[in-house]
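The data block below is upload.tsv; it holds TSV, C-alpha atoms and all ligand atoms.
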chain	number	residue	atom	x	y	z
U	23	MET	CA	36.23	121.86	30.59
U	24	ASP	CA	36.44	125.60	30.84
U	25	LEU	CA	36.11	127.12	27.40
U	26	GLU	CA	35.93	130.84	27.76
U	27	PRO	CA	34.97	132.85	24.69
U	28	GLY	CA	37.75	135.26	25.71
U	29	ALA	CA	39.40	137.56	23.22
U	30	PRO	CA	40.31	135.67	20.07
U	31	ILE	CA	43.27	136.58	17.91
U	32	ALA	CA	41.87	139.71	16.32
U	33	LYS	CA	44.54	142.17	15.43
U	34	ALA	CA	43.19	142.30	11.89
U	35	PRO	CA	39.57	142.57	10.63
U	36	VAL	CA	37.50	139.48	11.40
U	37	ILE	CA	36.28	137.63	8.29
U	38	THR	CA	32.50	137.52	7.88
U	39	SER	CA	30.44	136.01	5.04
U	40	GLU	CA	28.97	139.08	3.43
U	41	ASP	CA	30.77	138.47	0.17
U	42	GLY	CA	33.48	136.48	-1.54
U	43	PHE	CA	34.41	132.92	-0.68
U	44	PRO	CA	32.77	132.76	2.78
U	45	HIS	CA	29.50	133.96	1.25
U	46	SER	CA	29.60	131.10	-1.25
U	47	VAL	CA	30.19	128.59	1.54
U	48	LEU	CA	27.08	129.70	3.43
U	49	ARG	CA	24.90	130.37	0.39
U	50	GLU	CA	25.86	127.37	-1.77
U	51	ARG	CA	27.90	124.79	0.07
U	52	HIS	CA	25.80	124.50	3.23
U	53	PRO	CA	22.45	123.91	1.46
U	54	GLU	CA	24.15	121.40	-0.85
U	55	LEU	CA	25.60	119.65	2.15
U	56	LEU	CA	22.18	119.40	3.83
U	57	ALA	CA	20.74	117.86	0.67
U	58	LYS	CA	23.62	115.38	0.57
U	59	VAL	CA	23.06	114.38	4.20
U	60	LEU	CA	19.38	113.68	3.46
U	61	GLY	CA	20.36	111.80	0.31
U	62	GLY	CA	22.85	109.67	2.23
U	63	VAL	CA	21.01	108.64	5.40
U	64	PRO	CA	17.37	107.43	5.22
U	65	TYR	CA	16.23	109.62	8.08
U	66	PRO	CA	12.57	109.52	9.18
U	67	PRO	CA	10.19	112.40	8.38
U	68	GLU	CA	10.71	114.32	11.64
U	69	ILE	CA	14.49	114.47	11.10
U	70	ARG	CA	14.09	115.38	7.43
U	71	LEU	CA	11.79	118.18	8.54
U	72	ALA	CA	14.38	119.43	11.02
U	73	VAL	CA	17.20	119.33	8.45
U	74	ASN	CA	15.06	121.10	5.86
U	75	GLY	CA	14.15	123.61	8.58
U	76	LEU	CA	17.84	124.31	9.06
U	77	ALA	CA	18.19	124.94	5.31
U	78	GLN	CA	15.60	127.69	5.66
U	79	GLU	CA	16.87	128.97	8.98
U	80	ILE	CA	20.32	129.78	7.61
U	81	GLU	CA	18.80	132.37	5.32
U	82	GLY	CA	17.06	134.18	8.19
U	83	PRO	CA	18.19	135.55	11.55
U	84	ILE	CA	20.37	133.44	13.83
U	85	LEU	CA	18.15	131.54	16.28
U	86	PRO	CA	19.08	129.91	19.60
U	87	LEU	CA	19.76	126.20	19.71
U	88	SER	CA	16.56	124.20	20.04
U	89	ASP	CA	18.18	121.41	22.06
U	90	THR	CA	19.68	121.23	25.53
U	91	HIS	CA	22.25	118.54	24.95
U	92	GLY	CA	25.85	118.41	26.12
U	93	ASP	CA	27.50	121.68	25.26
U	94	ALA	CA	24.22	123.58	24.63
U	95	ALA	CA	24.70	125.85	27.67
U	96	GLN	CA	28.19	126.73	26.51
U	97	TRP	CA	26.86	127.41	23.01
U	98	ALA	CA	24.18	129.71	24.44
U	99	VAL	CA	27.01	131.90	25.77
U	100	TRP	CA	28.90	131.80	22.47
U	101	ALA	CA	25.70	132.58	20.51
U	102	GLU	CA	24.49	135.40	22.70
U	103	PRO	CA	26.22	138.27	20.79
U	104	TYR	CA	24.94	137.01	17.44
U	105	LEU	CA	21.32	135.99	18.04
U	106	GLY	CA	18.93	137.81	15.70
U	107	LYS	CA	21.69	138.82	13.29
U	108	SER	CA	22.13	137.48	9.80
U	109	TRP	CA	24.40	134.43	9.44
U	110	TYR	CA	26.30	136.43	6.86
U	111	GLU	CA	27.28	139.34	9.10
U	112	VAL	CA	28.78	137.38	12.00
U	113	PRO	CA	32.28	135.86	12.01
U	114	PHE	CA	32.57	133.21	9.29
U	115	LEU	CA	34.32	130.75	11.61
U	116	TRP	CA	31.60	131.07	14.21
U	117	ALA	CA	28.78	130.75	11.63
U	118	GLU	CA	30.25	127.54	10.20
U	119	ASN	CA	30.67	126.02	13.64
U	120	TYR	CA	27.14	126.92	14.66
U	121	PHE	CA	25.82	125.42	11.42
U	122	TYR	CA	27.50	122.07	12.12
U	123	ARG	CA	26.34	122.09	15.75
U	124	LYS	CA	22.74	122.71	14.61
U	125	LEU	CA	23.01	120.03	11.96
U	126	LEU	CA	24.06	117.44	14.54
U	127	ALA	CA	21.10	118.37	16.72
U	128	ALA	CA	18.70	118.24	13.76
U	129	THR	CA	19.85	114.73	12.80
U	130	GLY	CA	19.35	113.32	16.29
U	131	TRP	CA	23.07	112.80	16.87
U	132	PHE	CA	22.80	113.77	20.53
U	133	GLY	CA	19.84	111.49	21.16
U	134	PRO	CA	18.18	109.97	22.99
U	135	GLY	CA	16.72	107.75	20.32
U	136	PRO	CA	17.74	105.47	17.49
U	137	TRP	CA	19.67	108.18	15.61
U	138	GLN	CA	21.91	108.97	18.54
U	139	GLY	CA	25.53	108.62	17.46
U	140	VAL	CA	24.65	108.05	13.79
U	141	ASP	CA	27.16	110.09	11.79
U	142	PRO	CA	25.19	112.21	9.28
U	143	PHE	CA	28.26	112.20	7.04
U	144	GLY	CA	28.81	108.46	7.51
U	145	PRO	CA	27.75	107.36	4.01
U	146	GLN	CA	29.99	109.99	2.37
U	147	LYS	CA	32.92	109.04	4.58
U	148	ASP	CA	32.40	105.32	3.97
U	149	ALA	CA	32.23	105.87	0.21
U	150	GLU	CA	35.49	107.83	0.32
U	151	LEU	CA	37.21	105.10	2.33
U	152	ALA	CA	35.93	102.33	0.04
U	153	GLY	CA	36.57	104.31	-3.14
U	154	ALA	CA	39.07	104.03	-5.96
U	155	ALA	CA	41.17	107.02	-4.85
U	156	VAL	CA	41.88	105.47	-1.45
U	157	GLN	CA	42.51	102.09	-3.09
U	158	ALA	CA	45.07	103.73	-5.38
U	159	GLU	CA	46.77	105.33	-2.36
U	160	LEU	CA	46.91	101.95	-0.63
U	161	GLU	CA	48.47	100.35	-3.68
U	162	ALA	CA	50.99	103.18	-4.01
U	163	LEU	CA	52.33	102.38	-0.53
U	164	ALA	CA	54.33	99.53	-2.10
U	165	GLY	CA	56.47	102.26	-3.68
U	166	LEU	CA	57.68	103.49	-0.28
U	167	ALA	CA	60.20	100.62	-0.20
U	168	SER	CA	62.08	102.17	-3.11
U	169	VAL	CA	62.24	105.72	-1.71
U	170	PRO	CA	65.81	106.41	-0.50
U	171	PRO	CA	65.71	106.50	3.33
U	172	ALA	CA	67.04	110.08	3.38
U	173	GLU	CA	64.05	111.22	1.33
U	174	LEU	CA	61.35	109.17	3.01
U	175	LEU	CA	60.27	111.59	5.73
U	176	ASP	CA	60.13	114.45	3.25
U	177	SER	CA	58.02	112.39	0.91
U	178	LEU	CA	55.63	111.35	3.70
U	179	LEU	CA	55.36	114.93	4.90
U	180	LEU	CA	54.39	116.08	1.42
U	181	GLY	CA	51.88	113.24	1.20
U	182	ALA	CA	50.32	114.39	4.47
U	183	LEU	CA	50.26	117.97	3.20
U	184	TRP	CA	48.65	117.42	-0.18
U	185	GLY	CA	46.26	114.84	1.26
U	186	ASN	CA	44.58	117.88	2.82
U	187	ARG	CA	43.08	118.79	-0.56
U	188	ALA	CA	40.82	115.77	-0.26
U	189	ASP	CA	38.12	117.05	2.08
U	190	LEU	CA	34.57	116.14	1.17
U	191	GLY	CA	33.16	119.63	1.78
U	192	PHE	CA	35.65	121.02	-0.70
U	193	GLN	CA	34.65	118.37	-3.23
U	194	LEU	CA	31.04	119.53	-3.17
U	195	GLN	CA	32.04	122.31	-5.52
U	196	ARG	CA	35.04	120.81	-7.26
U	197	PRO	CA	35.47	117.46	-8.95
U	198	ALA	CA	37.30	114.97	-6.74
U	199	GLY	CA	40.54	113.10	-7.15
U	200	GLY	CA	42.64	112.14	-10.07
U	201	GLU	CA	45.05	115.03	-9.65
U	202	GLU	CA	48.79	114.68	-9.41
U	203	ARG	CA	50.55	115.97	-6.34
U	204	PRO	CA	51.37	119.62	-7.21
U	205	ALA	CA	54.97	120.71	-7.68
U	206	ASP	CA	57.02	122.16	-4.84
U	207	ALA	CA	56.58	125.52	-6.57
U	208	ASN	CA	52.99	125.47	-5.30
U	209	LEU	CA	54.33	125.50	-1.77
U	210	ILE	CA	54.28	129.23	-1.25
U	211	CYS	CA	55.91	129.18	2.17
U	212	ASP	CA	58.10	126.19	2.90
U	213	HIS	CA	59.69	125.71	6.31
U	214	ARG	CA	60.75	122.11	5.58
U	215	PRO	CA	64.46	122.83	6.06
U	216	ALA	CA	63.68	123.65	9.71
U	217	LEU	CA	60.84	121.19	10.18
U	218	LEU	CA	62.37	117.97	8.84
U	219	PRO	CA	65.24	117.80	11.37
U	220	VAL	CA	62.75	118.42	14.20
U	221	LEU	CA	60.37	115.78	12.89
U	222	SER	CA	63.07	113.18	12.43
U	223	GLY	CA	64.11	113.56	16.08
U	224	VAL	CA	60.65	113.77	17.60
U	225	ASP	CA	59.81	111.55	20.57
U	226	HIS	CA	56.51	113.13	21.50
U	227	LEU	CA	54.38	114.32	18.63
U	228	ILE	CA	50.83	115.66	18.63
U	229	LEU	CA	49.12	115.55	15.27
U	230	VAL	CA	45.86	117.49	15.17
U	231	THR	CA	44.08	115.66	12.39
U	232	ASP	CA	41.69	116.96	9.78
U	233	ASN	CA	39.90	114.90	7.12
U	234	ILE	CA	39.40	111.16	6.79
U	235	GLY	CA	40.32	109.09	3.73
U	236	ARG	CA	43.03	110.51	1.53
U	237	GLU	CA	44.19	112.88	4.24
U	238	LEU	CA	44.12	110.60	7.28
U	239	LEU	CA	45.79	107.78	5.38
U	240	PRO	CA	49.10	109.63	4.79
U	241	ASP	CA	48.89	111.03	8.34
U	242	LEU	CA	48.80	107.47	9.63
U	243	VAL	CA	51.61	106.37	7.34
U	244	LEU	CA	53.73	109.26	8.63
U	245	ALA	CA	52.95	108.27	12.23
U	246	ASP	CA	53.86	104.66	11.48
U	247	GLN	CA	57.20	105.74	10.03
U	248	LEU	CA	58.07	107.84	13.10
U	249	LEU	CA	56.97	105.16	15.56
U	250	THR	CA	58.84	102.45	13.69
U	251	LEU	CA	62.05	104.48	13.40
U	252	ARG	CA	62.04	105.64	17.00
U	253	PRO	CA	61.13	102.89	19.48
U	254	ASP	CA	60.64	105.37	22.34
U	255	ALA	CA	58.44	107.75	20.39
U	256	VAL	CA	54.75	108.35	21.06
U	257	VAL	CA	52.32	109.99	18.65
U	258	HIS	CA	49.05	111.49	19.83
U	259	PHE	CA	46.32	111.94	17.23
U	260	HIS	CA	43.92	114.68	18.30
U	261	VAL	CA	40.61	114.10	16.54
U	262	LYS	CA	37.09	115.54	16.63
U	263	PRO	CA	34.77	114.19	19.33
U	264	SER	CA	31.80	114.41	16.94
U	265	PRO	CA	31.15	114.65	13.20
U	266	TYR	CA	32.26	118.04	11.97
U	267	PHE	CA	32.90	119.90	8.69
U	268	THR	CA	31.70	116.84	6.76
U	269	SER	CA	34.80	114.71	6.63
U	270	ASP	CA	36.76	115.48	9.78
U	271	ALA	CA	38.07	112.41	11.54
U	272	THR	CA	36.52	111.12	14.78
U	273	PRO	CA	37.95	108.16	16.78
U	274	ILE	CA	35.88	105.60	14.88
U	275	ASP	CA	37.12	107.04	11.57
U	276	VAL	CA	40.72	106.48	12.65
U	277	LEU	CA	39.95	102.89	13.55
U	278	LYS	CA	38.15	102.32	10.24
U	279	THR	CA	41.10	103.74	8.33
U	280	VAL	CA	43.56	101.53	10.20
U	281	GLN	CA	41.32	98.58	9.37
U	282	ARG	CA	41.25	99.62	5.71
U	283	LEU	CA	45.05	99.55	5.75
U	284	VAL	CA	45.06	96.12	7.40
U	285	GLU	CA	42.76	94.78	4.68
U	286	GLY	CA	44.71	96.45	1.88
U	287	PRO	CA	47.58	95.22	-0.31
U	288	ALA	CA	50.68	93.81	1.42
U	289	ALA	CA	52.58	97.08	2.10
U	290	ALA	CA	49.42	98.76	3.41
U	291	ALA	CA	48.54	95.74	5.52
U	292	ALA	CA	51.97	95.76	7.15
U	293	ILE	CA	51.52	99.43	8.10
U	294	GLY	CA	47.99	98.83	9.36
U	295	THR	CA	49.09	95.86	11.46
U	296	ARG	CA	51.88	97.89	13.04
U	297	LEU	CA	49.47	100.77	13.72
U	298	ARG	CA	47.10	98.40	15.51
U	299	GLU	CA	50.01	97.30	17.68
U	300	TYR	CA	51.03	100.89	18.37
U	301	LEU	CA	47.45	101.70	19.39
U	302	SER	CA	47.31	98.67	21.67
U	303	ALA	CA	50.67	99.54	23.21
U	304	GLY	CA	49.66	103.17	23.85
U	305	ARG	CA	52.33	104.51	21.52
U	306	LEU	CA	49.68	105.86	19.17
U	307	THR	CA	46.89	107.49	21.17
U	308	LEU	CA	43.61	109.19	20.35
U	309	THR	CA	42.34	112.34	22.06
U	310	ALA	CA	38.89	113.69	21.19
U	311	HIS	CA	38.74	117.00	23.05
U	312	PRO	CA	35.58	119.16	22.90
U	313	PHE	CA	37.74	122.18	22.08
U	314	TYR	CA	38.17	120.79	18.58
U	315	VAL	CA	34.51	121.39	17.78
U	316	ALA	CA	34.27	124.75	19.52
U	317	PRO	CA	34.05	128.05	17.60
U	318	LEU	CA	37.33	129.19	19.11
U	319	THR	CA	40.87	129.91	18.02
U	320	PHE	CA	43.91	128.12	19.42
U	321	ASP	CA	44.90	131.06	21.59
U	322	GLN	CA	41.72	130.23	23.52
U	323	ALA	CA	42.59	126.57	24.02
U	324	PRO	CA	41.83	125.33	27.53
U	325	ALA	CA	44.61	124.74	30.05
U	326	ASP	CA	44.76	120.95	29.63
U	327	LEU	CA	45.42	121.26	25.90
U	328	GLN	CA	47.91	124.10	26.37
U	329	LYS	CA	49.76	121.86	28.79
U	330	ALA	CA	49.77	119.02	26.28
U	331	TYR	CA	51.08	121.28	23.49
U	332	ALA	CA	53.80	122.57	25.81
U	333	ALA	CA	54.86	119.04	26.73
U	334	ALA	CA	55.10	117.81	23.12
U	335	ASP	CA	58.28	118.14	21.06
U	336	LEU	CA	56.10	119.29	18.21
U	337	THR	CA	52.42	119.78	17.44
U	338	VAL	CA	51.44	119.46	13.78
U	339	LEU	CA	48.15	121.05	12.76
U	340	LYS	CA	46.60	119.64	9.63
U	341	GLY	CA	44.43	121.52	7.20
U	342	ASP	CA	42.73	124.76	6.44
U	343	LEU	CA	40.39	125.04	9.38
U	344	ASN	CA	43.10	124.32	11.95
U	345	TYR	CA	45.17	127.00	10.22
U	346	ARG	CA	42.33	129.52	10.53
U	347	ARG	CA	42.10	128.64	14.21
U	348	LEU	CA	45.86	128.94	14.63
U	349	VAL	CA	46.39	132.38	13.08
U	350	GLY	CA	42.84	133.66	13.61
U	351	ASP	CA	40.09	133.91	10.98
U	352	VAL	CA	41.11	137.44	10.19
U	353	ALA	CA	42.33	139.37	7.18
U	354	TRP	CA	46.03	139.55	7.96
U	355	PRO	CA	48.26	141.13	5.36
U	356	ALA	CA	49.69	137.88	3.92
U	357	THR	CA	53.22	139.14	4.51
U	358	THR	CA	52.69	139.14	8.30
U	359	ALA	CA	55.25	136.81	9.89
U	360	PHE	CA	53.91	133.38	10.88
U	361	GLU	CA	56.22	133.45	13.91
U	362	GLU	CA	54.71	136.72	15.10
U	363	VAL	CA	51.10	135.58	14.80
U	364	THR	CA	51.75	132.22	16.48
U	365	SER	CA	54.05	133.52	19.22
U	366	TYR	CA	51.40	132.64	21.82
U	367	TRP	CA	51.80	128.89	21.11
U	368	PRO	CA	53.07	127.12	24.26
U	369	GLY	CA	55.63	124.93	22.47
U	370	ARG	CA	56.63	124.18	18.91
U	371	VAL	CA	53.91	124.19	16.27
U	372	ALA	CA	53.82	123.39	12.56
U	373	ALA	CA	50.99	123.83	10.05
U	374	LEU	CA	50.52	121.64	6.97
U	375	ARG	CA	47.80	123.35	5.02
U	376	THR	CA	46.51	123.58	1.47
U	377	LEU	CA	44.84	126.93	0.87
U	378	LYS	CA	41.06	126.60	0.89
U	379	SER	CA	40.10	129.93	2.46
U	380	ASP	CA	41.33	133.51	2.38
U	381	VAL	CA	43.41	133.59	5.57
U	382	LEU	CA	47.16	133.60	5.00
U	383	VAL	CA	50.38	134.74	6.66
U	384	GLY	CA	54.09	134.24	6.04
U	385	VAL	CA	54.33	134.83	2.29
U	386	ASP	CA	56.98	137.15	0.92
U	387	GLN	CA	55.99	140.27	-1.00
U	388	ALA	CA	57.38	139.22	-4.38
U	389	ARG	CA	55.60	135.83	-4.30
U	390	LEU	CA	52.41	137.50	-3.20
U	391	ALA	CA	52.50	139.92	-6.13
U	392	GLU	CA	53.09	137.01	-8.51
U	393	LEU	CA	50.16	135.04	-7.07
U	394	ASP	CA	47.83	138.03	-7.13
U	395	ALA	CA	48.64	138.52	-10.80
U	396	GLY	CA	47.79	134.87	-11.61
U	397	GLU	CA	44.85	132.54	-10.90
U	398	ALA	CA	41.91	134.57	-9.53
U	399	ASN	CA	40.96	132.19	-6.72
U	400	TRP	CA	44.43	131.09	-5.73
U	401	ARG	CA	43.70	131.47	-2.01
U	402	THR	CA	40.78	129.03	-2.11
U	403	SER	CA	41.49	126.66	-5.02
U	404	GLY	CA	43.50	124.09	-3.03
U	405	HIS	CA	46.32	124.37	-5.60
U	406	TYR	CA	48.68	126.12	-3.20
U	407	ALA	CA	49.95	125.17	0.20
U	408	VAL	CA	52.13	126.21	3.12
U	409	ILE	CA	54.37	124.30	5.48
U	410	GLN	CA	55.12	126.61	8.38
U	411	MET	CA	56.75	126.09	11.75
U	412	ASN	CA	57.37	128.19	14.81
U	501	LIG	O1	39.35	120.33	5.74
U	501	LIG	P1	40.02	121.63	5.90
U	501	LIG	O2	41.33	121.67	5.20
U	501	LIG	O3	40.11	122.09	7.30
U	501	LIG	O4	39.16	122.66	5.09
U	501	LIG	C1	37.89	122.97	5.44
U	501	LIG	C2	37.64	124.28	4.83
U	501	LIG	O5	36.43	124.21	4.14
U	501	LIG	C3	35.64	125.25	4.53
U	501	LIG	O6	34.77	124.77	5.50
U	501	LIG	C4	34.85	125.83	3.47
U	501	LIG	O7	33.86	124.94	3.16
U	501	LIG	C5	36.56	126.24	5.10
U	501	LIG	O8	35.88	127.06	5.86
U	501	LIG	C6	37.50	125.38	5.81
U	501	LIG	O9	38.56	126.10	6.20
Re-express the file's structure as structure tokens.
Amino acid sequence: MDLEPGAPIAKAPVITSEDGFPHSVLRERHPELLAKVLGGVPYPPEIRLAVNGLAQEIEGPILPLSDTHGDAAQWAVWAEPYLGKSWYEVPFLWAENYFYRKLLAATGWFGPGPWQGVDPFGPQKDAELAGAAVQAELEALAGLASVPPAELLDSLLLGALWGNRADLGFQLQRPAGGEERPADANLICDHRPALLPVLSGVDHLILVTDNIGRELLPDLVLADQLLTLRPDAVVHFHVKPSPYFTSDATPIDVLKTVQRLVEGPAAAAAIGTRLREYLSAGRLTLTAHPFYVAPLTFDQAPADLQKAYAAADLTVLKGDLNYRRLVGDVAWPATTAFEEVTSYWPGRVAALRTLKSDVLVGVDQARLAELDAGEANWRTSGHYAVIQMN
């Protein structure tokens, strides 16, 4: 794979972590996350030492990787401009990515040894999948039978959108679950009138997934609906090749979620059984490309992915981080047109994203003024969302 650092989308100031929300992620969320990893997996002393070392390291200057595994040489190139600087003064997107890469190395993920391939977030992910919130979602699937067919796709799309609030990193600082799906009024840019007709006629869909559990579940239900309605359709789930941003889905997470469906109540089990068949038949496929854990924006995607996006009828990007990578982790005026910023995309792209970071485009001036006059943290609270398509 040829991942050039290149020139990322940067027509607006790049977001760093010196203050505001990104600062709180590095200062509060990352140490909490490290403690949670050590609380979840009974790592031996040398790994605990390495993870605790990372907790200290992120308050000092940026150091080179201390491993030589896999993509380490590529990371040395990406890290070169930032070594010796504070984690807070370099691009936020890059700092977060480097943090997760270092965490994997510290936990022995890359091996060799007994901890190779052990997901440091595994216990948290498993608890989410086995938990009451997922169980409630599985039970609610029985209700799909009574949704009028004309409304079904819309309903599943909204489920996939609001499922994005359920990432485990986000829950470190906010209580989980129990919330109703927000009203359509919380959708501050809504391209559904254009998106739904495209989606209902799609034969070749790429869905770039985000979190496991309450997000992946509705994504899979949406895929099942499309594959069942359209016998010639194929859906490609693009997932992370390694654990990332706590709860992002890897191939094994998709398989576990399908299994959870299979073992669920009748309506869920029927969906899970069909999904297993679609996987076996190659109509639902999994791609775990290294680009998805690189500190890059989508305009820097390698040629093989660009080709795949161009060949698809539609690529749907799930979640906040994919959105930041789509429009660039930069301080756009929020009224900047989505179509303008994503004009580089080699096909048709849609973003389903609840707002969990400051980046935003495509909102009209009047709505923006209203939002700015309301809830202080509206850009990061997860209460608002966008559905955008180009
Ligand atoms: O799971 P999502 O929707 O991509 O959200 C993850 C978000 O959480 C953060 O990592 C903050 O912790 C953001 O940087 C990121 O955009």
Within 8 Å of ligand LIG 501 (chain U) (counting only C-alpha atoms and all ligand atoms), which residues show up? I'd like them as a PyMOL selection string.
chain U and resi 44+47+51+114-115+118+186-192+232-233+267+269-270+340-346+375-379
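You will find atom CA of Gln146 of chain U at 12.5 Å from atom CA of Ala271 of chain U.
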If you measure from atom CA of Ser264 of chain U to atom CA of Pro324 of chain U, what distance in Å do you get, rounded to one decimal?
18.2 Å
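When all atoms listed in the file are used to measure the gap to Asp351 of chain U, the shortest distance among U:Leu179, U:Ala290, U:Val112, U:Ala216 belongs to U:Val112.
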For Glu81 of chain U, list every protein, DNA or RNA residue within 8 Å, evaluated using all atoms listed in the file, and leave out those in the same chain fewer than 4 positions away; present the list as a CSV table (one decimal) with C-alpha atoms, in the frame of the given file.
chain,number,residue,atom,x,y,z
U,77,ALA,CA,18.2,124.9,5.3
U,108,SER,CA,22.1,137.5,9.8
U,109,TRP,CA,24.4,134.4,9.4
Residue nearest Thr358 of chain U - candidates U:Leu218, U:Val381, U:Ala333, U:Val276, atoms counted: all atoms listed in the file:
U:Val381
Polymer residues at most 12 Å from Tyr104 of chain U, only C-alpha atoms, same-chain spacing of 4 or more positions, as a ChimeraX atom specification
/U:83-86,97-100,108-114,116-117,120
Taking 6 positions as the minimum chain separation for residues in the same chain, which residues sit within 12 Å of Val220 of chain U when counting only C-alpha atoms? Answer as a list in words.
Leu175, Asp176, His213, Arg214, His226, Leu227, Leu248, Ala334, Asp335, Leu336, Thr337, Val338, Arg370, Val371, Ala372, Met411 and Asn412 of chain U
Restricting the calculation to only C-alpha atoms, which member of U:Ser365, U:Thr129, U:Thr309, U:Gln387 is positioned closest to Ile228 of chain U?
U:Thr309
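With all atoms listed in the file as the basis for measurement, U:Asp380 is the residue among U:Asp380, U:Leu327, U:Arg401, U:His52 that approaches Thr38 of chain U most closely.
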Identify the residues within 7 Å of coordinate (40.1, 115.0, 18.0) (same frame as the file), considering all atoms listed in the file, and give the answer as a PyMOL selection string.
chain U and resi 230-231+259-263+272+309-311+314
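Between Gly82 of chain U and the candidates U:Ala205, U:Thr364, U:Gly106, U:Gly286, the tightest atom-to-atom separation, counting only C-alpha atoms, involves U:Gly106.
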For the atom pair atom CA of Arg296 of chain U and atom CA of Leu239 of chain U, what is the interatomic distance in Å to one decimal place?
13.9 Å
Using all atoms listed in the file, the best pick from U:Glu362, U:Gly181, U:Arg347, U:Leu160 as closest to Ala289 of chain U would be U:Leu160
Since the input is missing atoms for segment 117-134 of chain U, could you rebuild it with N, CA and C atoms and give the result as a PDB file, in the frame of the given file?
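Wrote it out as selection_30.pdb, contents follow:
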ATOM      1  N   ALA U 117      29.989 131.157  12.373  1.00  0.00           N
ATOM      2  CA  ALA U 117      28.780 130.750  11.630  1.00  0.00           C
ATOM      3  C   ALA U 117      28.902 129.292  11.157  1.00  0.00           C
ATOM      4  N   GLU U 118      30.067 128.925  10.658  1.00  0.00           N
ATOM      5  CA  GLU U 118      30.250 127.540  10.200  1.00  0.00           C
ATOM      6  C   GLU U 118      30.116 126.559  11.356  1.00  0.00           C
ATOM      7  N   ASN U 119      30.738 126.897  12.464  1.00  0.00           N
ATOM      8  CA  ASN U 119      30.670 126.020  13.640  1.00  0.00           C
ATOM      9  C   ASN U 119      29.238 125.854  14.140  1.00  0.00           C
ATOM     10  N   TYR U 120      28.524 126.962  14.166  1.00  0.00           N
ATOM     11  CA  TYR U 120      27.140 126.920  14.660  1.00  0.00           C
ATOM     12  C   TYR U 120      26.280 126.068  13.710  1.00  0.00           C
ATOM     13  N   PHE U 121      26.542 126.212  12.422  1.00  0.00           N
ATOM     14  CA  PHE U 121      25.820 125.420  11.420  1.00  0.00           C
ATOM     15  C   PHE U 121      26.008 123.914  11.684  1.00  0.00           C
ATOM     16  N   TYR U 122      27.255 123.507  11.903  1.00  0.00           N
ATOM     17  CA  TYR U 122      27.500 122.070  12.120  1.00  0.00           C
ATOM     18  C   TYR U 122      26.897 121.595  13.446  1.00  0.00           C
ATOM     19  N   ARG U 123      26.945 122.452  14.456  1.00  0.00           N
ATOM     20  CA  ARG U 123      26.340 122.090  15.750  1.00  0.00           C
ATOM     21  C   ARG U 123      24.836 121.904  15.587  1.00  0.00           C
ATOM     22  N   LYS U 124      24.182 122.803  14.831  1.00  0.00           N
ATOM     23  CA  LYS U 124      22.740 122.710  14.610  1.00  0.00           C
ATOM     24  C   LYS U 124      22.394 121.491  13.753  1.00  0.00           C
ATOM     25  N   LEU U 125      23.265 121.194  12.813  1.00  0.00           N
ATOM     26  CA  LEU U 125      23.010 120.030  11.960  1.00  0.00           C
ATOM     27  C   LEU U 125      23.041 118.733  12.788  1.00  0.00           C
ATOM     28  N   LEU U 126      24.010 118.648  13.696  1.00  0.00           N
ATOM     29  CA  LEU U 126      24.060 117.440  14.540  1.00  0.00           C
ATOM     30  C   LEU U 126      22.789 117.301  15.359  1.00  0.00           C
ATOM     31  N   ALA U 127      22.330 118.430  15.921  1.00  0.00           N
ATOM     32  CA  ALA U 127      21.100 118.370  16.720  1.00  0.00           C
ATOM     33  C   ALA U 127      19.916 117.957  15.849  1.00  0.00           C
ATOM     34  N   ALA U 128      19.838 118.529  14.647  1.00  0.00           N
ATOM     35  CA  ALA U 128      18.700 118.240  13.760  1.00  0.00           C
ATOM     36  C   ALA U 128      18.669 116.761  13.364  1.00  0.00           C
ATOM     37  N   THR U 129      19.822 116.132  13.246  1.00  0.00           N
ATOM     38  CA  THR U 129      19.850 114.730  12.800  1.00  0.00           C
ATOM     39  C   THR U 129      19.726 113.734  13.949  1.00  0.00           C
ATOM     40  N   GLY U 130      19.535 114.220  15.154  1.00  0.00           N
ATOM     41  CA  GLY U 130      19.350 113.320  16.290  1.00  0.00           C
ATOM     42  C   GLY U 130      20.642 112.750  16.843  1.00  0.00           C
ATOM     43  N   TRP U 131      21.765 113.304  16.431  1.00  0.00           N
ATOM     44  CA  TRP U 131      23.070 112.800  16.870  1.00  0.00           C
ATOM     45  C   TRP U 131      23.176 112.711  18.390  1.00  0.00           C
ATOM     46  N   PHE U 132      22.636 113.725  19.071  1.00  0.00           N
ATOM     47  CA  PHE U 132      22.800 113.770  20.530  1.00  0.00           C
ATOM     48  C   PHE U 132      21.817 112.864  21.266  1.00  0.00           C
ATOM     49  N   GLY U 133      20.810 112.387  20.555  1.00  0.00           N
ATOM     50  CA  GLY U 133      19.840 111.490  21.160  1.00  0.00           C
ATOM     51  C   GLY U 133      18.982 112.186  22.205  1.00  0.00           C
ATOM     52  N   PRO U 134      18.234 111.426  23.048  1.00  0.00           N
ATOM     53  CA  PRO U 134      18.180 109.970  22.990  1.00  0.00           C
ATOM     54  C   PRO U 134      17.338 109.517  21.794  1.00  0.00           C
TER      55      PRO U 134
END
